[in-house]
$ cat final_36.tsv   # TSV, C-alpha atoms
chain	number	residue	atom	x	y	z
A	222	MET	CA	0.00	0.00	0.00
A	223	LYS	CA	2.76	2.43	0.94
A	224	THR	CA	4.59	1.73	-2.35
A	225	ARG	CA	1.45	2.46	-4.38
A	226	LEU	CA	0.94	5.78	-2.60
A	227	LYS	CA	4.56	6.75	-3.22
A	228	GLN	CA	4.33	5.81	-6.91
A	229	ALA	CA	1.12	7.82	-7.29
A	230	SER	CA	2.73	10.91	-5.72
A	231	ASP	CA	5.85	10.55	-7.93
A	232	LYS	CA	3.81	10.46	-11.16
A	233	GLY	CA	2.98	14.16	-10.91
A	234	LYS	CA	6.63	15.17	-10.59
A	235	SER	CA	8.74	16.32	-13.52
A	236	PRO	CA	11.49	14.01	-14.84
A	237	LYS	CA	14.06	16.49	-13.42
A	238	SER	CA	12.46	16.33	-9.93
A	239	ARG	CA	12.37	12.53	-10.06
A	240	LEU	CA	16.00	12.43	-11.21
A	241	ASP	CA	17.06	14.76	-8.39
A	242	MET	CA	15.32	12.47	-5.89
A	243	GLU	CA	17.15	9.41	-7.30
A	244	LEU	CA	20.46	11.30	-7.21
A	245	ARG	CA	20.02	12.10	-3.51
A	246	LYS	CA	19.31	8.41	-2.80
A	247	ALA	CA	22.48	7.43	-4.68
A	248	GLY	CA	24.66	10.07	-2.96
A	249	LEU	CA	25.30	11.92	-6.22
A	250	THR	CA	24.79	15.46	-7.47
A	251	HIS	CA	25.02	17.43	-10.72
A	252	ARG	CA	28.41	18.68	-11.93
A	253	HIS	CA	28.77	22.27	-13.01
A	254	PRO	CA	28.46	23.71	-15.50
A	255	PRO	CA	25.48	21.62	-16.61
A	256	ALA	CA	25.45	19.87	-19.97
A	257	PRO	CA	23.87	22.21	-22.53
A	258	LYS	CA	20.39	21.27	-23.74
A	259	ASP	CA	21.44	21.34	-27.38
A	260	GLY	CA	20.82	17.72	-28.45
A	261	ASN	CA	24.47	16.90	-27.71
A	262	CYS	CA	24.02	16.46	-23.95
A	263	LEU	CA	25.15	12.81	-23.86
A	264	PHE	CA	28.40	13.78	-25.58
A	265	HIS	CA	28.93	16.86	-23.37
A	266	ALA	CA	28.24	14.80	-20.23
A	267	MET	CA	30.55	11.98	-21.29
A	268	ASN	CA	33.33	14.43	-22.14
A	269	ASP	CA	32.92	16.02	-18.71
A	270	GLN	CA	33.19	12.56	-17.14
A	271	LEU	CA	36.39	11.90	-19.07
A	272	ILE	CA	37.80	15.13	-17.62
A	273	ARG	CA	36.59	14.11	-14.11
A	274	ARG	CA	38.45	10.82	-14.53
A	275	GLY	CA	41.67	12.58	-15.58
A	276	ARG	CA	41.46	11.99	-19.32
A	277	VAL	CA	42.17	14.58	-21.98
A	278	SER	CA	39.33	16.99	-22.69
A	279	GLN	CA	37.65	16.69	-26.07
A	280	SER	CA	34.76	18.57	-27.60
A	281	ALA	CA	31.32	17.00	-27.72
A	282	THR	CA	31.68	17.13	-31.51
A	283	LYS	CA	34.89	15.05	-31.37
A	284	VAL	CA	33.32	12.54	-28.97
A	285	ARG	CA	30.36	12.19	-31.37
A	286	CYS	CA	32.59	11.78	-34.44
A	287	ASP	CA	34.73	9.15	-32.69
A	288	LEU	CA	31.58	7.31	-31.58
A	289	VAL	CA	30.15	7.13	-35.11
A	290	ASN	CA	33.45	5.75	-36.40
A	291	TYR	CA	33.53	3.25	-33.52
A	292	LEU	CA	29.95	2.07	-34.21
A	293	ARG	CA	30.70	1.76	-37.92
A	294	SER	CA	33.50	-0.69	-37.02
A	295	ASN	CA	31.66	-2.38	-34.10
A	296	PRO	CA	28.01	-2.75	-35.13
A	297	THR	CA	26.97	-5.75	-33.03
A	298	THR	CA	25.78	-6.65	-29.53
A	299	PRO	CA	27.70	-9.15	-27.36
A	300	ASP	CA	25.71	-12.03	-28.86
A	301	GLY	CA	26.52	-10.92	-32.42
A	302	THR	CA	23.17	-9.27	-33.23
A	303	HIS	CA	23.64	-6.34	-35.59
A	304	PHE	CA	22.26	-3.06	-34.25
A	305	ARG	CA	20.21	-2.61	-37.43
A	306	GLU	CA	17.81	-5.14	-35.86
A	307	PHE	CA	16.86	-2.44	-33.30
A	308	ILE	CA	16.44	0.41	-35.76
A	309	LYS	CA	13.34	1.33	-37.74
A	310	HIS	CA	13.49	-0.24	-41.20
A	311	ARG	CA	16.90	-1.68	-40.22
A	312	ALA	CA	18.55	1.41	-41.72
A	313	TRP	CA	21.98	1.23	-40.04
A	314	ASP	CA	23.70	3.60	-42.49
A	315	THR	CA	20.90	6.14	-42.04
A	316	TYR	CA	21.24	5.81	-38.26
A	317	LEU	CA	25.00	6.46	-38.47
A	318	ARG	CA	24.48	9.49	-40.74
A	319	ARG	CA	21.91	10.91	-38.32
A	320	MET	CA	24.07	10.19	-35.26
A	321	ALA	CA	26.95	12.07	-36.94
A	322	MET	CA	24.81	15.23	-37.08
A	323	ASP	CA	25.21	17.96	-34.48
A	324	GLY	CA	22.17	18.05	-32.21
A	325	GLU	CA	21.04	14.44	-32.81
A	326	TRP	CA	20.10	12.97	-29.44
A	327	GLY	CA	22.20	10.10	-28.17
A	328	ASP	CA	20.25	6.91	-27.53
A	329	TRP	CA	21.06	3.58	-25.85
A	330	ILE	CA	23.12	2.44	-28.84
A	331	ALA	CA	25.24	5.61	-28.59
A	332	LEU	CA	25.64	5.11	-24.82
A	333	TRP	CA	26.62	1.47	-25.36
A	334	GLY	CA	29.18	2.55	-27.95
A	335	LEU	CA	30.69	5.22	-25.68
A	336	ILE	CA	31.08	2.74	-22.81
A	337	ASN	CA	32.93	0.30	-25.03
A	338	MET	CA	34.88	2.88	-27.00
A	339	PHE	CA	36.29	4.50	-23.84
A	340	GLU	CA	36.43	1.16	-21.97
A	341	ILE	CA	34.95	2.59	-18.79
A	342	PRO	CA	31.99	1.48	-16.70
A	343	VAL	CA	29.14	3.96	-16.45
A	344	ALA	CA	26.66	4.37	-13.61
A	345	VAL	CA	23.45	5.81	-15.04
A	346	VAL	CA	20.91	7.26	-12.61
A	347	SER	CA	17.52	7.56	-14.27
A	348	SER	CA	14.40	9.55	-13.53
A	349	LEU	CA	12.42	6.34	-14.01
A	350	GLY	CA	12.41	5.54	-10.30
A	351	GLU	CA	12.59	1.86	-9.40
A	352	THR	CA	15.11	1.25	-12.18
A	353	GLY	CA	16.96	4.33	-10.88
A	354	LEU	CA	20.61	3.22	-10.88
A	355	ASN	CA	22.21	0.90	-13.39
A	356	ILE	CA	25.88	0.18	-13.83
A	357	ILE	CA	26.94	-0.77	-17.34
A	358	HIS	CA	30.37	-2.33	-17.80
A	359	PRO	CA	32.41	-2.28	-21.00
A	360	GLY	CA	32.90	-6.03	-20.94
A	361	ALA	CA	32.45	-9.27	-19.10
A	362	GLY	CA	34.75	-9.69	-16.15
A	363	TYR	CA	35.28	-5.97	-15.54
A	364	GLU	CA	35.58	-5.89	-11.77
A	365	ASN	CA	36.71	-2.35	-10.91
A	366	GLU	CA	33.67	-0.70	-9.36
A	367	ALA	CA	35.32	2.15	-7.45
A	368	THR	CA	33.29	5.34	-7.87
A	369	ARG	CA	36.33	7.28	-9.03
A	370	ASP	CA	36.75	4.79	-11.89
A	371	MET	CA	33.20	5.09	-13.20
A	372	ALA	CA	31.63	7.68	-15.40
A	373	LEU	CA	28.54	9.01	-13.62
A	374	LEU	CA	25.59	10.09	-15.75
A	375	GLY	CA	22.09	11.23	-14.89
A	376	HIS	CA	19.28	10.73	-17.36
A	377	GLU	CA	15.97	12.56	-17.42
A	378	ALA	CA	14.17	9.84	-19.35
A	379	GLU	CA	13.81	10.81	-23.02
A	380	LEU	CA	14.89	14.41	-22.30
A	381	HIS	CA	18.44	15.11	-21.15
A	382	TYR	CA	21.74	13.65	-19.88
A	383	HIS	CA	23.65	15.17	-16.95
A	384	SER	CA	27.22	14.78	-15.76
A	385	LEU	CA	27.32	13.77	-12.07
A	386	GLU	CA	29.72	13.56	-9.16
A	387	PRO	CA	29.57	12.13	-5.65
A	388	ILE	CA	28.25	14.41	-2.91
A	389	ALA	CA	31.36	15.28	-0.91
A	390	ALA	CA	29.89	14.37	2.50
A	391	GLN	CA	28.37	11.05	1.38
A	392	LYS	CA	29.63	7.75	0.05
A	393	PRO	CA	27.76	6.96	-3.19
A	394	LEU	CA	25.61	3.83	-3.23
A	395	LEU	CA	27.03	2.36	-6.42
A	396	ARG	CA	27.94	-1.16	-5.31
A	397	ASN	CA	25.48	-4.05	-5.57
A	398	GLN	CA	23.36	-2.28	-8.15
A	399	SER	CA	22.03	-3.65	-11.42
A	400	LYS	CA	24.92	-4.57	-13.64
A	401	ASN	CA	24.83	-4.83	-17.39
A	402	THR	CA	27.58	-5.62	-19.82
A	403	ALA	CA	28.00	-3.69	-23.04
A	404	LYS	CA	30.81	-5.67	-24.69
A	405	GLU	CA	30.69	-6.54	-28.34
A	406	LYS	CA	31.74	-9.90	-29.76
$ encode --input "final_36.tsv" --output "structure tokens"
Amino acid sequence: MKTRLKQASDKGKSPKSRLDMELRKAGLTHRHPPAPKDGNCLFHAMNDQLIRRGRVSQSATKVRCDLVNYLRSNPTTPDGTHFREFIKHRAWDTYLRRMAMDGEWGDWIALWGLINMFEIPVAVVSSLGETGLNIIHPGAGYENEATRDMALLGHEAELHYHSLEPIAAQKPLLRNQSKNTAKEK
């Protein structure tokens, strides 16, 4: 009964409010400056996470370009299924052309590609509530789960990606969460 009441009260909240609630539960907060809402937010947020992890800064445009080239060379899921199977009319070349365009929103295929291309696990906190925190690893057997070694992204479902960081006074709750693997072949 209590769960139903909570779910009913959460439905009226904006995706941003729900995301902020999930971030507090996970011990995370938004990094500043925020990712621009220009259709490139996934690429801005991932670049910011690369900087947070001590990697060389790139532009969102460069991250996008590198991703498209990576997906062109690595077009399958871990079980060998080509990504065209998940795209309308199976138009993989059209998908890649669109994804190369400035302002084209990054989807789960783009996120999967970034995780594997950069070979870093990503913790994604979603505004979707019960599925709030998922950790996606670049490959089977990747055991390093230290917060400092993960990219931390927030996702307002179907709207916007955010770059995140741990709240200084709290230890993030990233262990023992849902784990997915995003390794090809």
$ residues_around --input "final_36.tsv" --residues "A:Arg305" --least-positions-apart "6" --cutoff "9 Å" --atoms "all atoms listed in the file" --output "list in words"
Pro296, Thr297, Arg311, Ala312, Trp313, Asp314 and Tyr316 of chain A
$ write_last_selection --input "final_36.tsv" --atoms "C-alpha atoms" --output "compact mmCIF listing (two decimals), in the coordinates of the input"
# COMPACT_ATOMS: atom_id res chain seq x y z
CA PRO A 296 28.01 -2.75 -35.13
CA THR A 297 26.97 -5.75 -33.03
CA ARG A 311 16.90 -1.68 -40.22
CA ALA A 312 18.55 1.41 -41.72
CA TRP A 313 21.98 1.23 -40.04
CA ASP A 314 23.70 3.60 -42.49
CA TYR A 316 21.24 5.81 -38.26
$ atom_distance --input "final_36.tsv" --atom1 "atom CA of A:Arg252" --atom2 "atom CA of A:Met267"
11.7 Å
$ residues_around --input "final_36.tsv" --residues "A:Asn261" --least-positions-apart "3" --cutoff "9 Å" --atoms "only C-alpha atoms" --output "list in words"
Ala256, Pro257, Lys258, Phe264, His265, Ala266, Ala281, Thr282, Arg285, Asp323, Gly324, Glu325, Trp326, Gly327 and Tyr382 of chain A
$ closest_residue --input "final_36.tsv" --among "A:Cys286, A:Ile336, A:Ile341, A:Val346" --to "A:Leu317" --atoms "all atoms listed in the file"
A:Cys286
$ atom_distance --input "final_36.tsv" --atom1 "atom CA of A:His251" --atom2 "atom CA of A:Ser235"
16.6 Å
$ atom_distance --input "final_36.tsv" --atom1 "atom CA of A:His303" --atom2 "atom CA of A:Ile330"
11.1 Å
$ closest_residue --input "final_36.tsv" --among "A:Ala372, A:Ile356, A:Leu335, A:Leu349" --to "A:Arg239" --atoms "only C-alpha atoms"
A:Leu349
$ closest_residue --input "final_36.tsv" --among "A:Ile308, A:Leu249, A:Leu263, A:Val343" --to "A:His383" --atoms "all atoms listed in the file"
A:Leu263
$ residues_around --input "final_36.tsv" --residues "A:Ala378" --least-positions-apart "3" --cutoff "9 Å" --atoms "all atoms listed in the file" --output "ChimeraX atom specification"
/A:236-237,240,347-349,381-382
$ closest_residue --input "final_36.tsv" --among "A:Ser384, A:Arg319, A:Asp287, A:Asn355" --to "A:Asn337" --atoms "only C-alpha atoms"
A:Asp287
$ residues_around --input "final_36.tsv" --residues "A:Gln270" --least-positions-apart "5" --cutoff "9 Å" --atoms "all atoms listed in the file" --output "compact mmCIF listing (two decimals) with C-alpha atoms, keeping the file's coordinate frame"
# COMPACT_ATOMS: atom_id res chain seq x y z
CA HIS A 265 28.93 16.86 -23.37
CA GLY A 275 41.67 12.58 -15.58
CA ARG A 276 41.46 11.99 -19.32
CA MET A 371 33.20 5.09 -13.20
CA ALA A 372 31.63 7.68 -15.40
CA LEU A 373 28.54 9.01 -13.62
CA LEU A 374 25.59 10.09 -15.75
CA SER A 384 27.22 14.78 -15.76
CA LEU A 385 27.32 13.77 -12.07
CA GLU A 386 29.72 13.56 -9.16
$ closest_residue --input "final_36.tsv" --among "A:Asp259, A:Asp269, A:Asp370, A:Glu243" --to "A:Glu340" --atoms "only C-alpha atoms"
A:Asp370
